[in-house]
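Here is the structure we will look at.
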Amino acid sequence: MNEGKAKELAHELAMEYLREKQMLSNPILDNIPNMVAKFADINRSFYEAIINNETLQDLY
């Protein structure tokens, strides 16, 4: 899987994960930097898992 596809898939998975967990449901202005940091961590975790997954590398 190329980097662009991996980033796109990671973003989609992170958004769906956050929707399911309702982690960003209270966007108080003071909390926005923490919300962005949490999203970035989740997105990075998905991206790293996708890039390092041999099955996805073979499929794409």
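Naming works like this for the structure tokens: A, B, ... for the chains as they're shown, residue 1 at the start of each chain, ligands 1 onward in shown order.
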Near stretch 39-53 of chain A, within 9 Å and counting only C-alpha atoms, which residues show up once chain neighbours fewer than 5 positions away are dropped, as a list in words? Met1, Asn2, Glu3, Ala6, Lys7, Glu8, Leu9, Ala10, His11, Glu12, Leu13, Ala14, Met15, Tyr17, Leu18, Leu24, Asn34 and Asp58 of chain A
Keeping N, CA, C and O atoms for every residue in the selection just given, could you write it to a file as a compact mmCIF listing (two decimals), in the first residue's frame?
```txt
# COMPACT_ATOMS: atom_id res chain seq x y z
N MET A 1 0.86 -1.18 0.00
CA MET A 1 0.00 0.00 0.00
C MET A 1 0.90 1.23 0.00
O MET A 1 1.84 1.30 0.78
N ASN A 2 0.58 2.17 -0.88
CA ASN A 2 1.42 3.36 -0.91
C ASN A 2 1.06 4.29 0.25
O ASN A 2 0.04 4.14 0.91
N GLU A 3 1.94 5.24 0.47
CA GLU A 3 1.80 6.13 1.62
C GLU A 3 0.50 6.93 1.58
O GLU A 3 -0.16 7.10 2.61
N ALA A 6 -2.42 4.72 2.52
CA ALA A 6 -2.33 4.40 3.95
C ALA A 6 -2.80 5.57 4.80
O ALA A 6 -3.52 5.39 5.78
N LYS A 7 -2.41 6.78 4.42
CA LYS A 7 -2.83 7.97 5.16
C LYS A 7 -4.34 8.16 5.07
O LYS A 7 -5.00 8.49 6.05
N GLU A 8 -4.89 7.95 3.88
CA GLU A 8 -6.33 8.10 3.68
C GLU A 8 -7.10 7.07 4.51
O GLU A 8 -8.07 7.41 5.18
N LEU A 9 -6.65 5.83 4.46
CA LEU A 9 -7.31 4.78 5.23
C LEU A 9 -7.18 5.03 6.73
O LEU A 9 -8.15 4.87 7.48
N ALA A 10 -6.02 5.46 7.18
CA ALA A 10 -5.82 5.77 8.60
C ALA A 10 -6.76 6.87 9.05
O ALA A 10 -7.34 6.80 10.14
N HIS A 11 -6.92 7.89 8.23
CA HIS A 11 -7.83 8.99 8.56
C HIS A 11 -9.27 8.48 8.69
O HIS A 11 -9.96 8.80 9.65
N GLU A 12 -9.70 7.69 7.72
CA GLU A 12 -11.06 7.16 7.75
C GLU A 12 -11.28 6.28 8.98
O GLU A 12 -12.32 6.40 9.65
N LEU A 13 -10.33 5.43 9.28
CA LEU A 13 -10.46 4.56 10.45
C LEU A 13 -10.45 5.35 11.75
O LEU A 13 -11.22 5.06 12.67
N ALA A 14 -9.60 6.36 11.83
CA ALA A 14 -9.54 7.19 13.04
C ALA A 14 -10.86 7.93 13.24
O ALA A 14 -11.38 8.00 14.36
N MET A 15 -11.41 8.47 12.17
CA MET A 15 -12.69 9.19 12.28
C MET A 15 -13.80 8.25 12.74
O MET A 15 -14.60 8.60 13.62
N TYR A 17 -13.47 5.45 14.40
CA TYR A 17 -13.17 5.07 15.78
C TYR A 17 -13.65 6.15 16.75
O TYR A 17 -14.29 5.86 17.76
N LEU A 18 -13.35 7.40 16.44
CA LEU A 18 -13.76 8.51 17.31
C LEU A 18 -15.27 8.66 17.35
O LEU A 18 -15.84 8.97 18.41
N LEU A 24 -14.93 12.85 20.86
CA LEU A 24 -14.85 14.28 20.57
C LEU A 24 -16.21 14.94 20.70
O LEU A 24 -16.52 15.88 19.99
N ASN A 34 -6.33 19.48 23.12
CA ASN A 34 -6.25 18.10 23.59
C ASN A 34 -6.97 17.16 22.63
O ASN A 34 -6.50 16.03 22.40
N ASP A 58 0.43 -6.70 0.70
CA ASP A 58 0.25 -7.63 -0.41
C ASP A 58 -1.01 -7.32 -1.21
O ASP A 58 -1.04 -7.48 -2.43
```
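Straight-line separation from atom CA of A:Pro33 to atom CA of A:Glu16: 19.8 Å.
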I need the residues of chain A that end up classed as alpha helix (DSSP H) by DSSP on the backbone, written out as an mmCIF file with all heavy atoms, in the first residue's frame.
```cif
data_model
loop_
_atom_site.group_PDB
_atom_site.id
_atom_site.type_symbol
_atom_site.label_atom_id
_atom_site.label_comp_id
_atom_site.auth_asym_id
_atom_site.auth_seq_id
_atom_site.Cartn_x
_atom_site.Cartn_y
_atom_site.Cartn_z
ATOM 1 N N GLU A 3 1.936 5.236 0.474
ATOM 2 C CA GLU A 3 1.800 6.133 1.622
ATOM 3 C C GLU A 3 0.496 6.927 1.585
ATOM 4 O O GLU A 3 -0.162 7.105 2.608
ATOM 5 C CB GLU A 3 2.996 7.081 1.657
ATOM 6 C CG GLU A 3 3.035 7.969 2.871
ATOM 7 C CD GLU A 3 4.274 8.851 2.897
ATOM 8 O OE1 GLU A 3 5.346 8.420 2.428
ATOM 9 O OE2 GLU A 3 4.153 9.976 3.385
ATOM 10 N N GLY A 4 0.114 7.402 0.420
ATOM 11 C CA GLY A 4 -1.109 8.192 0.291
ATOM 12 C C GLY A 4 -2.355 7.390 0.654
ATOM 13 O O GLY A 4 -3.224 7.881 1.381
ATOM 14 N N LYS A 5 -2.431 6.167 0.145
ATOM 15 C CA LYS A 5 -3.578 5.311 0.472
ATOM 16 C C LYS A 5 -3.596 4.968 1.950
ATOM 17 O O LYS A 5 -4.648 4.915 2.568
ATOM 18 C CB LYS A 5 -3.537 4.025 -0.356
ATOM 19 C CG LYS A 5 -3.956 4.184 -1.777
ATOM 20 C CD LYS A 5 -3.982 2.841 -2.471
ATOM 21 C CE LYS A 5 -4.407 2.978 -3.917
ATOM 22 N NZ LYS A 5 -4.437 1.680 -4.588
ATOM 23 N N ALA A 6 -2.422 4.720 2.522
ATOM 24 C CA ALA A 6 -2.334 4.396 3.946
ATOM 25 C C ALA A 6 -2.796 5.570 4.799
ATOM 26 O O ALA A 6 -3.523 5.386 5.785
ATOM 27 C CB ALA A 6 -0.913 3.996 4.306
ATOM 28 N N LYS A 7 -2.406 6.779 4.416
ATOM 29 C CA LYS A 7 -2.833 7.967 5.160
ATOM 30 C C LYS A 7 -4.343 8.161 5.067
ATOM 31 O O LYS A 7 -5.002 8.489 6.055
ATOM 32 C CB LYS A 7 -2.114 9.213 4.648
ATOM 33 C CG LYS A 7 -0.674 9.293 5.075
ATOM 34 C CD LYS A 7 -0.012 10.556 4.550
ATOM 35 C CE LYS A 7 1.426 10.647 5.007
ATOM 36 N NZ LYS A 7 2.079 11.874 4.549
ATOM 37 N N GLU A 8 -4.887 7.952 3.880
ATOM 38 C CA GLU A 8 -6.327 8.105 3.682
ATOM 39 C C GLU A 8 -7.105 7.071 4.509
ATOM 40 O O GLU A 8 -8.074 7.408 5.182
ATOM 41 C CB GLU A 8 -6.664 7.941 2.200
ATOM 42 C CG GLU A 8 -8.111 8.180 1.867
ATOM 43 C CD GLU A 8 -8.372 8.049 0.377
ATOM 44 O OE1 GLU A 8 -7.497 8.429 -0.422
ATOM 45 O OE2 GLU A 8 -9.460 7.563 0.027
ATOM 46 N N LEU A 9 -6.654 5.829 4.460
ATOM 47 C CA LEU A 9 -7.314 4.778 5.226
ATOM 48 C C LEU A 9 -7.183 5.034 6.728
ATOM 49 O O LEU A 9 -8.147 4.870 7.478
ATOM 50 C CB LEU A 9 -6.730 3.415 4.864
ATOM 51 C CG LEU A 9 -7.328 2.209 5.594
ATOM 52 C CD1 LEU A 9 -8.832 2.133 5.401
ATOM 53 C CD2 LEU A 9 -6.647 0.928 5.131
ATOM 54 N N ALA A 10 -6.017 5.461 7.183
ATOM 55 C CA ALA A 10 -5.815 5.766 8.600
ATOM 56 C C ALA A 10 -6.757 6.869 9.053
ATOM 57 O O ALA A 10 -7.343 6.801 10.139
ATOM 58 C CB ALA A 10 -4.364 6.162 8.857
ATOM 59 N N HIS A 11 -6.921 7.888 8.226
ATOM 60 C CA HIS A 11 -7.827 8.986 8.561
ATOM 61 C C HIS A 11 -9.266 8.478 8.686
ATOM 62 O O HIS A 11 -9.959 8.801 9.650
ATOM 63 C CB HIS A 11 -7.744 10.087 7.506
ATOM 64 C CG HIS A 11 -8.698 11.203 7.744
ATOM 65 N ND1 HIS A 11 -8.463 12.173 8.686
ATOM 66 C CD2 HIS A 11 -9.900 11.480 7.193
ATOM 67 C CE1 HIS A 11 -9.499 13.012 8.687
ATOM 68 N NE2 HIS A 11 -10.372 12.612 7.794
ATOM 69 N N GLU A 12 -9.696 7.692 7.718
ATOM 70 C CA GLU A 12 -11.063 7.158 7.752
ATOM 71 C C GLU A 12 -11.283 6.284 8.979
ATOM 72 O O GLU A 12 -12.323 6.400 9.647
ATOM 73 C CB GLU A 12 -11.342 6.352 6.485
ATOM 74 C CG GLU A 12 -11.454 7.197 5.231
ATOM 75 C CD GLU A 12 -11.643 6.350 3.986
ATOM 76 O OE1 GLU A 12 -12.185 5.229 4.099
ATOM 77 O OE2 GLU A 12 -11.249 6.807 2.911
ATOM 78 N N LEU A 13 -10.325 5.433 9.285
ATOM 79 C CA LEU A 13 -10.456 4.559 10.449
ATOM 80 C C LEU A 13 -10.451 5.350 11.749
ATOM 81 O O LEU A 13 -11.225 5.060 12.670
ATOM 82 C CB LEU A 13 -9.341 3.519 10.459
ATOM 83 C CG LEU A 13 -9.426 2.445 9.385
ATOM 84 C CD1 LEU A 13 -8.149 1.622 9.353
ATOM 85 C CD2 LEU A 13 -10.641 1.562 9.607
ATOM 86 N N ALA A 14 -9.598 6.356 11.835
ATOM 87 C CA ALA A 14 -9.544 7.190 13.041
ATOM 88 C C ALA A 14 -10.858 7.934 13.239
ATOM 89 O O ALA A 14 -11.379 8.000 14.358
ATOM 90 C CB ALA A 14 -8.377 8.177 12.962
ATOM 91 N N MET A 15 -11.411 8.475 12.166
ATOM 92 C CA MET A 15 -12.686 9.195 12.280
ATOM 93 C C MET A 15 -13.802 8.254 12.739
ATOM 94 O O MET A 15 -14.596 8.605 13.617
ATOM 95 C CB MET A 15 -13.052 9.853 10.948
ATOM 96 C CG MET A 15 -12.143 10.988 10.553
ATOM 97 S SD MET A 15 -12.103 12.333 11.773
ATOM 98 C CE MET A 15 -13.766 12.951 11.607
ATOM 99 N N GLU A 16 -13.857 7.076 12.160
ATOM 100 C CA GLU A 16 -14.888 6.117 12.548
ATOM 101 C C GLU A 16 -14.709 5.680 14.002
ATOM 102 O O GLU A 16 -15.680 5.560 14.750
ATOM 103 C CB GLU A 16 -14.868 4.902 11.621
ATOM 104 C CG GLU A 16 -16.008 3.954 11.832
ATOM 105 C CD GLU A 16 -17.375 4.582 11.611
ATOM 106 O OE1 GLU A 16 -17.505 5.477 10.752
ATOM 107 O OE2 GLU A 16 -18.325 4.184 12.318
ATOM 108 N N TYR A 17 -13.471 5.450 14.398
ATOM 109 C CA TYR A 17 -13.174 5.068 15.778
ATOM 110 C C TYR A 17 -13.653 6.146 16.746
ATOM 111 O O TYR A 17 -14.291 5.856 17.755
ATOM 112 C CB TYR A 17 -11.670 4.836 15.923
ATOM 113 C CG TYR A 17 -11.236 4.473 17.320
ATOM 114 C CD1 TYR A 17 -11.335 3.168 17.771
ATOM 115 C CD2 TYR A 17 -10.703 5.433 18.174
ATOM 116 C CE1 TYR A 17 -10.928 2.827 19.045
ATOM 117 C CE2 TYR A 17 -10.302 5.104 19.453
ATOM 118 C CZ TYR A 17 -10.419 3.799 19.889
ATOM 119 O OH TYR A 17 -10.015 3.474 21.162
ATOM 120 N N LEU A 18 -13.349 7.396 16.440
ATOM 121 C CA LEU A 18 -13.757 8.507 17.312
ATOM 122 C C LEU A 18 -15.273 8.660 17.355
ATOM 123 O O LEU A 18 -15.837 8.968 18.410
ATOM 124 C CB LEU A 18 -13.103 9.808 16.856
ATOM 125 C CG LEU A 18 -11.588 9.852 17.050
ATOM 126 C CD1 LEU A 18 -11.000 11.060 16.359
ATOM 127 C CD2 LEU A 18 -11.240 9.853 18.526
ATOM 128 N N ARG A 19 -15.940 8.437 16.239
ATOM 129 C CA ARG A 19 -17.407 8.497 16.223
ATOM 130 C C ARG A 19 -18.002 7.419 17.127
ATOM 131 O O ARG A 19 -18.917 7.677 17.903
ATOM 132 C CB ARG A 19 -17.946 8.326 14.806
ATOM 133 C CG ARG A 19 -17.890 9.564 13.981
ATOM 134 C CD ARG A 19 -18.603 9.365 12.635
ATOM 135 N NE ARG A 19 -18.046 10.267 11.680
ATOM 136 C CZ ARG A 19 -17.184 9.946 10.710
ATOM 137 N NH1 ARG A 19 -16.812 8.704 10.533
ATOM 138 N NH2 ARG A 19 -16.712 10.859 9.908
ATOM 139 N N GLU A 20 -17.473 6.209 16.997
ATOM 140 C CA GLU A 20 -17.988 5.084 17.788
ATOM 141 C C GLU A 20 -17.746 5.285 19.278
ATOM 142 O O GLU A 20 -18.600 4.968 20.092
ATOM 143 C CB GLU A 20 -17.349 3.766 17.333
ATOM 144 C CG GLU A 20 -17.863 3.278 16.021
ATOM 145 C CD GLU A 20 -19.345 2.920 16.063
ATOM 146 O OE1 GLU A 20 -19.783 2.270 17.031
ATOM 147 O OE2 GLU A 20 -20.062 3.292 15.116
ATOM 148 N N LYS A 21 -16.593 5.797 19.630
ATOM 149 C CA LYS A 21 -16.235 5.999 21.035
ATOM 150 C C LYS A 21 -16.755 7.330 21.585
ATOM 151 O O LYS A 21 -16.655 7.582 22.769
ATOM 152 C CB LYS A 21 -14.713 5.947 21.217
ATOM 153 C CG LYS A 21 -14.091 4.632 20.846
ATOM 154 C CD LYS A 21 -14.534 3.552 21.792
ATOM 155 C CE LYS A 21 -13.854 2.246 21.442
ATOM 156 N NZ LYS A 21 -14.288 1.166 22.291
ATOM 157 N N ILE A 32 -10.005 21.875 22.806
ATOM 158 C CA ILE A 32 -9.706 21.605 21.396
ATOM 159 C C ILE A 32 -8.259 21.163 21.170
ATOM 160 O O ILE A 32 -8.033 20.178 20.462
ATOM 161 C CB ILE A 32 -10.104 22.795 20.501
ATOM 162 C CG1 ILE A 32 -11.634 22.862 20.455
ATOM 163 C CG2 ILE A 32 -9.523 22.659 19.100
ATOM 164 C CD1 ILE A 32 -12.188 24.062 19.730
ATOM 165 N N PRO A 33 -7.247 21.799 21.767
ATOM 166 C CA PRO A 33 -5.876 21.301 21.554
ATOM 167 C C PRO A 33 -5.699 19.850 22.019
ATOM 168 O O PRO A 33 -5.006 19.069 21.355
ATOM 169 C CB PRO A 33 -5.014 22.254 22.383
ATOM 170 C CG PRO A 33 -5.819 23.512 22.434
ATOM 171 C CD PRO A 33 -7.257 23.058 22.514
ATOM 172 N N ASN A 34 -6.333 19.484 23.116
ATOM 173 C CA ASN A 34 -6.249 18.102 23.593
ATOM 174 C C ASN A 34 -6.965 17.159 22.631
ATOM 175 O O ASN A 34 -6.504 16.029 22.400
ATOM 176 C CB ASN A 34 -6.860 17.963 24.988
ATOM 177 C CG ASN A 34 -6.069 18.702 26.031
ATOM 178 O OD1 ASN A 34 -4.871 18.897 25.902
ATOM 179 N ND2 ASN A 34 -6.739 19.140 27.074
ATOM 180 N N MET A 35 -8.079 17.596 22.080
ATOM 181 C CA MET A 35 -8.825 16.781 21.131
ATOM 182 C C MET A 35 -8.001 16.544 19.871
ATOM 183 O O MET A 35 -7.959 15.429 19.354
ATOM 184 C CB MET A 35 -10.154 17.457 20.779
ATOM 185 C CG MET A 35 -11.129 17.500 21.944
ATOM 186 S SD MET A 35 -12.536 18.608 21.675
ATOM 187 C CE MET A 35 -13.247 17.964 20.202
ATOM 188 N N VAL A 36 -7.344 17.584 19.390
ATOM 189 C CA VAL A 36 -6.511 17.466 18.191
ATOM 190 C C VAL A 36 -5.330 16.524 18.462
ATOM 191 O O VAL A 36 -5.005 15.675 17.634
ATOM 192 C CB VAL A 36 -6.030 18.852 17.714
ATOM 193 C CG1 VAL A 36 -4.983 18.729 16.620
ATOM 194 C CG2 VAL A 36 -7.212 19.678 17.241
ATOM 195 N N ALA A 37 -4.726 16.646 19.628
ATOM 196 C CA ALA A 37 -3.610 15.777 19.992
ATOM 197 C C ALA A 37 -4.061 14.314 20.071
ATOM 198 O O ALA A 37 -3.359 13.414 19.591
ATOM 199 C CB ALA A 37 -2.995 16.216 21.313
ATOM 200 N N LYS A 38 -5.218 14.076 20.640
ATOM 201 C CA LYS A 38 -5.747 12.717 20.749
ATOM 202 C C LYS A 38 -6.034 12.155 19.359
ATOM 203 O O LYS A 38 -5.697 11.015 19.064
ATOM 204 C CB LYS A 38 -7.013 12.691 21.597
ATOM 205 C CG LYS A 38 -7.572 11.285 21.797
ATOM 206 C CD LYS A 38 -8.686 11.265 22.793
ATOM 207 C CE LYS A 38 -8.242 11.440 24.191
ATOM 208 N NZ LYS A 38 -7.596 10.317 24.832
ATOM 209 N N PHE A 39 -6.645 12.969 18.485
ATOM 210 C CA PHE A 39 -6.905 12.529 17.113
ATOM 211 C C PHE A 39 -5.607 12.183 16.400
ATOM 212 O O PHE A 39 -5.504 11.165 15.725
ATOM 213 C CB PHE A 39 -7.675 13.590 16.333
ATOM 214 C CG PHE A 39 -7.829 13.231 14.887
ATOM 215 C CD1 PHE A 39 -8.759 12.294 14.494
ATOM 216 C CD2 PHE A 39 -7.020 13.803 13.922
ATOM 217 C CE1 PHE A 39 -8.896 11.933 13.160
ATOM 218 C CE2 PHE A 39 -7.148 13.452 12.590
ATOM 219 C CZ PHE A 39 -8.091 12.519 12.213
ATOM 220 N N ALA A 40 -4.600 13.025 16.561
ATOM 221 C CA ALA A 40 -3.307 12.785 15.911
ATOM 222 C C ALA A 40 -2.694 11.475 16.387
ATOM 223 O O ALA A 40 -2.147 10.706 15.585
ATOM 224 C CB ALA A 40 -2.355 13.946 16.173
ATOM 225 N N ASP A 41 -2.777 11.197 17.680
ATOM 226 C CA ASP A 41 -2.231 9.944 18.216
ATOM 227 C C ASP A 41 -2.967 8.736 17.659
ATOM 228 O O ASP A 41 -2.339 7.738 17.277
ATOM 229 C CB ASP A 41 -2.304 9.929 19.743
ATOM 230 C CG ASP A 41 -1.319 10.880 20.390
ATOM 231 O OD1 ASP A 41 -0.330 11.271 19.740
ATOM 232 O OD2 ASP A 41 -1.545 11.221 21.571
ATOM 233 N N ILE A 42 -4.281 8.809 17.616
ATOM 234 C CA ILE A 42 -5.086 7.703 17.091
ATOM 235 C C ILE A 42 -4.804 7.505 15.609
ATOM 236 O O ILE A 42 -4.597 6.380 15.146
ATOM 237 C CB ILE A 42 -6.577 7.949 17.360
ATOM 238 C CG1 ILE A 42 -6.852 7.882 18.861
ATOM 239 C CG2 ILE A 42 -7.455 6.957 16.597
ATOM 240 C CD1 ILE A 42 -8.212 8.405 19.273
ATOM 241 N N ASN A 43 -4.761 8.596 14.864
ATOM 242 C CA ASN A 43 -4.490 8.526 13.430
ATOM 243 C C ASN A 43 -3.115 7.918 13.172
ATOM 244 O O ASN A 43 -2.955 7.041 12.322
ATOM 245 C CB ASN A 43 -4.590 9.926 12.822
ATOM 246 C CG ASN A 43 -4.717 9.903 11.320
ATOM 247 O OD1 ASN A 43 -4.325 8.973 10.659
ATOM 248 N ND2 ASN A 43 -5.264 10.965 10.779
ATOM 249 N N ARG A 44 -2.105 8.354 13.929
ATOM 250 C CA ARG A 44 -0.752 7.826 13.766
ATOM 251 C C ARG A 44 -0.716 6.324 14.079
ATOM 252 O O ARG A 44 -0.063 5.547 13.377
ATOM 253 C CB ARG A 44 0.240 8.563 14.663
ATOM 254 C CG ARG A 44 1.672 8.055 14.503
ATOM 255 C CD ARG A 44 2.708 8.791 15.347
ATOM 256 N NE ARG A 44 2.285 8.952 16.712
ATOM 257 C CZ ARG A 44 2.086 10.140 17.301
ATOM 258 N NH1 ARG A 44 2.276 11.248 16.628
ATOM 259 N NH2 ARG A 44 1.703 10.212 18.558
ATOM 260 N N SER A 45 -1.438 5.904 15.099
ATOM 261 C CA SER A 45 -1.478 4.484 15.449
ATOM 262 C C SER A 45 -2.063 3.648 14.318
ATOM 263 O O SER A 45 -1.536 2.580 13.983
ATOM 264 C CB SER A 45 -2.283 4.270 16.729
ATOM 265 O OG SER A 45 -1.637 4.860 17.826
ATOM 266 N N PHE A 46 -3.169 4.129 13.744
ATOM 267 C CA PHE A 46 -3.754 3.419 12.609
ATOM 268 C C PHE A 46 -2.784 3.400 11.428
ATOM 269 O O PHE A 46 -2.594 2.367 10.785
ATOM 270 C CB PHE A 46 -5.083 4.047 12.176
ATOM 271 C CG PHE A 46 -6.270 3.550 12.934
ATOM 272 C CD1 PHE A 46 -6.988 4.405 13.749
ATOM 273 C CD2 PHE A 46 -6.694 2.234 12.826
ATOM 274 C CE1 PHE A 46 -8.095 3.950 14.451
ATOM 275 C CE2 PHE A 46 -7.797 1.776 13.519
ATOM 276 C CZ PHE A 46 -8.503 2.635 14.335
ATOM 277 N N TYR A 47 -2.157 4.528 11.138
ATOM 278 C CA TYR A 47 -1.233 4.611 10.004
ATOM 279 C C TYR A 47 -0.078 3.622 10.170
ATOM 280 O O TYR A 47 0.252 2.877 9.240
ATOM 281 C CB TYR A 47 -0.700 6.035 9.852
ATOM 282 C CG TYR A 47 0.336 6.162 8.765
ATOM 283 C CD1 TYR A 47 -0.045 6.182 7.426
ATOM 284 C CD2 TYR A 47 1.687 6.241 9.064
ATOM 285 C CE1 TYR A 47 0.908 6.280 6.416
ATOM 286 C CE2 TYR A 47 2.639 6.338 8.072
ATOM 287 C CZ TYR A 47 2.240 6.362 6.745
ATOM 288 O OH TYR A 47 3.179 6.448 5.746
ATOM 289 N N GLU A 48 0.524 3.603 11.343
ATOM 290 C CA GLU A 48 1.650 2.700 11.580
ATOM 291 C C GLU A 48 1.224 1.243 11.458
ATOM 292 O O GLU A 48 1.960 0.420 10.918
ATOM 293 C CB GLU A 48 2.268 2.980 12.948
ATOM 294 C CG GLU A 48 3.028 4.297 12.976
ATOM 295 C CD GLU A 48 3.510 4.686 14.357
ATOM 296 O OE1 GLU A 48 3.248 3.955 15.340
ATOM 297 O OE2 GLU A 48 4.159 5.736 14.469
ATOM 298 N N ALA A 49 0.033 0.917 11.962
ATOM 299 C CA ALA A 49 -0.456 -0.457 11.856
ATOM 300 C C ALA A 49 -0.692 -0.842 10.401
ATOM 301 O O ALA A 49 -0.386 -1.960 9.993
ATOM 302 C CB ALA A 49 -1.737 -0.612 12.670
ATOM 303 N N ILE A 50 -1.228 0.090 9.619
ATOM 304 C CA ILE A 50 -1.496 -0.174 8.200
ATOM 305 C C ILE A 50 -0.190 -0.371 7.437
ATOM 306 O O ILE A 50 -0.041 -1.329 6.674
ATOM 307 C CB ILE A 50 -2.317 0.980 7.582
ATOM 308 C CG1 ILE A 50 -3.730 0.975 8.165
ATOM 309 C CG2 ILE A 50 -2.342 0.893 6.058
ATOM 310 C CD1 ILE A 50 -4.503 2.258 7.912
ATOM 311 N N ILE A 51 0.758 0.520 7.637
ATOM 312 C CA ILE A 51 2.038 0.460 6.926
ATOM 313 C C ILE A 51 2.794 -0.826 7.267
ATOM 314 O O ILE A 51 3.448 -1.411 6.410
ATOM 315 C CB ILE A 51 2.897 1.704 7.252
ATOM 316 C CG1 ILE A 51 2.332 2.928 6.549
ATOM 317 C CG2 ILE A 51 4.353 1.508 6.864
ATOM 318 C CD1 ILE A 51 2.370 2.869 5.034
ATOM 319 N N GLU A 54 1.585 -6.796 6.742
ATOM 320 C CA GLU A 54 2.025 -7.477 5.521
ATOM 321 C C GLU A 54 0.851 -7.822 4.598
ATOM 322 O O GLU A 54 0.980 -7.753 3.376
ATOM 323 C CB GLU A 54 2.792 -8.748 5.875
ATOM 324 C CG GLU A 54 4.150 -8.458 6.475
ATOM 325 C CD GLU A 54 4.919 -9.730 6.800
ATOM 326 O OE1 GLU A 54 4.649 -10.768 6.163
ATOM 327 O OE2 GLU A 54 5.786 -9.664 7.682
ATOM 328 N N THR A 55 -0.280 -8.199 5.171
ATOM 329 C CA THR A 55 -1.432 -8.559 4.341
ATOM 330 C C THR A 55 -1.894 -7.366 3.529
ATOM 331 O O THR A 55 -2.153 -7.485 2.327
ATOM 332 C CB THR A 55 -2.586 -9.091 5.208
ATOM 333 O OG1 THR A 55 -2.127 -10.216 5.948
ATOM 334 C CG2 THR A 55 -3.772 -9.485 4.351
ATOM 335 N N LEU A 56 -1.990 -6.200 4.153
ATOM 336 C CA LEU A 56 -2.402 -5.011 3.407
ATOM 337 C C LEU A 56 -1.363 -4.646 2.363
ATOM 338 O O LEU A 56 -1.714 -4.194 1.268
ATOM 339 C CB LEU A 56 -2.632 -3.827 4.357
ATOM 340 C CG LEU A 56 -3.908 -3.885 5.173
ATOM 341 C CD1 LEU A 56 -3.963 -2.707 6.157
ATOM 342 C CD2 LEU A 56 -5.129 -3.874 4.288
ATOM 343 N N GLN A 57 -0.100 -4.832 2.676
ATOM 344 C CA GLN A 57 0.953 -4.541 1.696
ATOM 345 C C GLN A 57 0.796 -5.440 0.472
ATOM 346 O O GLN A 57 0.989 -5.003 -0.654
ATOM 347 C CB GLN A 57 2.343 -4.736 2.325
ATOM 348 C CG GLN A 57 2.689 -3.730 3.381
ATOM 349 C CD GLN A 57 2.668 -2.305 2.902
ATOM 350 O OE1 GLN A 57 3.019 -2.007 1.767
ATOM 351 N NE2 GLN A 57 2.246 -1.391 3.750
ATOM 352 N N ASP A 58 0.432 -6.703 0.703
ATOM 353 C CA ASP A 58 0.249 -7.633 -0.413
ATOM 354 C C ASP A 58 -1.014 -7.325 -1.207
ATOM 355 O O ASP A 58 -1.042 -7.485 -2.429
ATOM 356 C CB ASP A 58 0.187 -9.071 0.103
ATOM 357 C CG ASP A 58 1.510 -9.539 0.664
ATOM 358 O OD1 ASP A 58 2.565 -8.906 0.370
ATOM 359 O OD2 ASP A 58 1.509 -10.527 1.432
ATOM 360 N N LEU A 59 -2.082 -6.900 -0.525
ATOM 361 C CA LEU A 59 -3.350 -6.631 -1.200
ATOM 362 C C LEU A 59 -3.301 -5.360 -2.042
ATOM 363 O O LEU A 59 -3.926 -5.285 -3.095
ATOM 364 C CB LEU A 59 -4.481 -6.501 -0.185
ATOM 365 C CG LEU A 59 -4.924 -7.785 0.496
ATOM 366 C CD1 LEU A 59 -5.939 -7.462 1.592
ATOM 367 C CD2 LEU A 59 -5.520 -8.739 -0.514
#
```
